[in-house]
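**Q** Pasting in a structure now, in structure tokens, and then I'll have a few things to ask.
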Amino acid sequence: MVQIHSYWAYIVLAILIFTVVNAIIGLSQKKEFTDKDLRFGLFTLIVSHIQLLIGLGWYFMSPWFKALKSGTGDVMGDKTARLLAVEHPLMMIIAIVLITIGWSKHKKKTEDAAKFKTFVIFYGIALVLILSRIPWNNWF
């Protein structure tokens, strides 16, 4: 399960980065928001939600969750354990909530620039949160 979660993370990151860059280009060049842009946002939403489900499945089977259940103080005192047991899962959930909010808000916008801007803001903040809490030492 951990390997699937790790490999799927590459897909999520690639698509999320692509979607954010596409939205920045669309906003800065005042492009029309097309079906292609809509599909990028939707595909990002779908793959990130799949990653969330895989991650939650792995989390509740992980040794970090068991350690957190048995001794919260020990986990919180150890920087690496805290990252894996608390910070990473919490930030990833918040990031996916932001992606979901961005998707919902963009649908209510009527102007192309507003749609791109919504993706830039919500998907962009989600990308920053994800990058900030990836356990880089365990991932590669």
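FYI, nothing fancy with the structure tokens labels: chains A, B, ... in order, residues from 1 per chain, ligands from 1 as they appear.
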Find the residues around Lys105 in chain A up to 12 Å (only C-alpha atoms counted), leave out those fewer than 2 positions away in its own chain, and share them as a list in words.
**A**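 That gives Gly41, Leu98, Ile99, Thr100, Ile101, Gly102, Trp103, Lys107, Lys108, Lys109, Thr110, Ala114, Lys115, Phe116, Lys117, Thr118, Phe119, Val120, Ile121, Phe122 and Tyr123 of chain A.
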**Q** Could you name the residues that touch Ala95 in chain A at 12 Å or less, counting only C-alpha atoms, but leaving out those on the same chain fewer than 3 positions away, as JSON, numbers by chain?
**A** {"A": [12, 13, 16, 44, 45, 48, 49, 51, 52, 87, 88, 89, 90, 91, 92, 98, 99, 100, 101, 102, 121, 122, 123, 124, 125, 126, 127, 128, 129, 130, 131, 132, 133, 134]}
**Q** Enumerate as a VMD selection string all residues of range 2-139 of chain A assigned to alpha helix (DSSP H) by DSSP on the backbone, naming them with the chain letters and numbers the document uses.
**A** chain A and resid 2 to 28 35 to 59 63 to 70 72 to 77 79 to 82 88 to 108 112 to 118 124 to 132 136 to 139
**Q** Hey, which of A:Leu84, A:Ile54, A:Ile46, A:Gln29 ends up closest to Lys66 in chain A? Count only C-alpha atoms.
**A** A:Leu84
**Q** Could you pull the residues within 12 Å of Val75 in chain A, counting only C-alpha atoms, minus those fewer than 5 positions along the same chain, as an MDAnalysis selection string?
**A** chainID A and resid 63:70 80:87
